[in-house]
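Asker: I have a structure here, written as structure tokens, and I will follow up with some questions on it.
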Amino acid sequence: MTDAPNAPQSGFVLPKSLVTRIDLSRLIREIESVDNQLNEARIRAGDGAEVKSPSLSGQLEEFLTLNQLQLGTSQQFAELIKSLRTLKDKAPVVHLTFAVTADVESLQWIADWVRREMHPQALISVGLQPSLVAGVYVRTPNHVHDFSLKGVLKKNRGLLVKELEVLRGAR
Amino acid sequence: MGILKRKQDPQRRPPIDENSDGVQHFFDGYFMELRERGRTYFAKIVEENAAHFRDDLNVTIGKVNEEIKSHLTERVDEQIAENGKIMKDAQEAALEALNRGIQDFQTQQKQLNTALQQNITTQQSAIGTMFEDNKTQIDAMKSAQATALQTLNATVATLQEQQQQLIDALQKNIANQEAMIIGAFEQNMAQVVEHYLLGALSDQFDLKAQLPSIIQQMEQNKQEMMDDMKL
């Protein structure tokens with residue numbers, strides 16, 4: 001690892017595999033672990049000795065690649081961890097509630113679309129509500145959007161009542 | 001009465017001298033004859049005296065009877081006279097008491113009459129007053145009855161009117177209730193249909209199959225969601 005400067009925190013590009021805030025927390029923990037392992041290795045090897053980089057997860061490698069980051073010193077690790085914690089606290093979260101269990105691919109696809117179309121650092125929070133039948137129930141920080149089949153039926157309940165009224169009038 | 005004189009004991013012997021017993025025996029027969037004669041004579045005297053005594057006794061008894069009779073008659077007369085006097089006194093006392101009682105009775109009767117008259121006068125006055133009062137009360141009662149009758153008639157009219165209003169309101173309420181129930185039924189019916197659809201269609205959609213629709217709907221609301229996230 002070299003001493004290349006880190007990208008600014010507002011410009012972080014999140015990988016597809018990092019969907020939820022939990023994923024981001026896991027990424028931060030892994031970076032902290034790598035930093036600790038490197039520090040231990042340096043202390044054991046002595047001053048000036050070359051230390052072997054520990055193996056990284058695919059998600060971390062993708063994150064580093066996408067953001068063109070090279071971590072070397074403890075100072076760089078600390079700055080990155082601080083920036084990621086800030087991102088974790090401040091990144092906009094879109095809560096999506098599905099009628100069925102969401103698979104990873106679909107979630108990644110949706111997260112990619114959200115980051116591409118709405119906010120590049122948006123995180124997804126997933127919920128399950130079978131009574132929705134189909135569709136999704138979206139909750140942004142201040143609004144709720146019901147795109148579920150249950151919502152559609154509820155919204156169009158007047159049509160059914162109207163049909164019943166027509167039927168009663170015909171009698 | 002000489003009949004009670006002490007009799008001579010014919011058998012009493014004079015003191016005899018023992019030298020003279022021969023003589024005594026010589027006069028035994030003579031003495032016995034004398035003794036017999038004396039006995040007969042004595043019996044005769046006794047009978048005569050008894051007859052005299054009987055006569056005297058009869059006379060005496062008769063006199064005593066007469067005296068007793070007169071005495072008793074006198075005593076009875078005295079007693080009768082005394083009784084008569086007592087009875088007369090008692091009669092007088094009773095008469096006096098009776099007269100006094102009659103006088104008291106008459107006095108009491110007079111007082112009673114006076115009191116009765118006063119009482120009758122008072123009663124008449126009270127009855128008159130009561131009659132007047134009752135008459136006034138009856139008049140007032142008649143007036144109150146008339147007023148009550150008027151009020152009652154007015155109340156009946158009001159009640160009839162209220163009843164009619166109530167019937168109208170009830171009919172209207174029934175119609176509203178019917179409409180509300182039908183409306184509620186339609187709403188419930190819609191809910192039932194909706195619930196049925198939800199139950200029937202659940203687990204029929206895969207998320208991957210829904211993704212295009214989800215993305216399409218999110219695309220339609222993209223601007224609003226973006227604005228919300230930028231806040």
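We name chains A, B, ... following the order of the structure tokens; residues begin at 1 in each chain, and ligands are numbered from 1 as shown.
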If we count only C-alpha atoms, what is near Lys208 in chain B at a cut-off of 9 Å, once residues fewer than 2 positions away on the same chain are taken out, given as an MDAnalysis selection string?
Answerer: (chainID A and resid 102:103 105:106) or (chainID B and resid 205:206 210:212)
Asker: Starting from chain A, keep only residues with some atom at most 6 Å from an atom of chain B, counting only C-alpha atoms, and report them as a PyMOL selection string.
Answerer: chain A and resi 118+133+161
Asker: Give the strand (DSSP E) residues of chain A, as DSSP finds them on the backbone, and put them as a ChimeraX atom specification.
Answerer: /A:93-98,123-128,136-139,144-146
Asker: Would you list the contacts of Asp146 in chain A as an MDAnalysis selection string, taking every protein, DNA or RNA residue within 8 Å and counting only C-alpha atoms, but skipping same-chain residues closer than 5 positions in sequence?
Answerer: chainID A and resid 136:138 151
Asker: Take CA of Phe77 in chain A and CA of Asn36 in chain A and report the distance between them in Å, one decimal.
Answerer: 9.7 Å
Asker: Please indicate the distance in Å from CA of Gly58 in chain A to CA of Ser17 in chain A, rounded to one decimal place.
Answerer: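 So the two atoms, CA of Gly58 in chain A and CA of Ser17 in chain A, lie 9.0 Å apart.
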Asker: So that I can check the surroundings of Leu27 in chain A, please list as a list in words every protein, DNA and RNA residue that reaches within 10 Å of it, counting only C-alpha atoms and ignoring chain neighbours fewer than 2 positions away.
Answerer: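 Here the answer would be Leu18, Arg21, Ile22, Asp23, Leu24, Ser25, Arg29, Glu30, Ile31, Glu32, Ser33, Ser57, Gln59, Leu60, Phe63, Ile81 and Leu84 of chain A.
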Asker: Using only C-alpha atoms, determine which residues lie at most 12 Å from Asp35 in chain A, disregarding the query and same-chain residues fewer than 5 positions distant; provide the list as number ranges by chain.
Answerer: A: 1, 28-30, 40-42, 53-56, 71-81
Asker: Go ahead and compute the interatomic distance for CA of Pro120 in chain A and CA of Thr20 in chain A, in Å to one decimal.
Answerer: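 One can read the CA of Pro120 in chain A to CA of Thr20 in chain A distance as 13.4 Å.
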Asker: Let's see if you can do this: from backbone DSSP, list all alpha helix (DSSP H) residues in range 7-92 of chain A, as a PyMOL selection string.
Answerer: chain A and resi 21-45+58-66+74-90
Asker: Extract, using only C-alpha atoms, all DNA, RNA and protein residues at most 6 Å from Ala134 in chain A, discarding same-chain residues fewer than 2 positions from it, and format them as a list in words.
Answerer: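 The residues that qualify are Ala99, Leu132, Ser148 and Leu149 of chain A.
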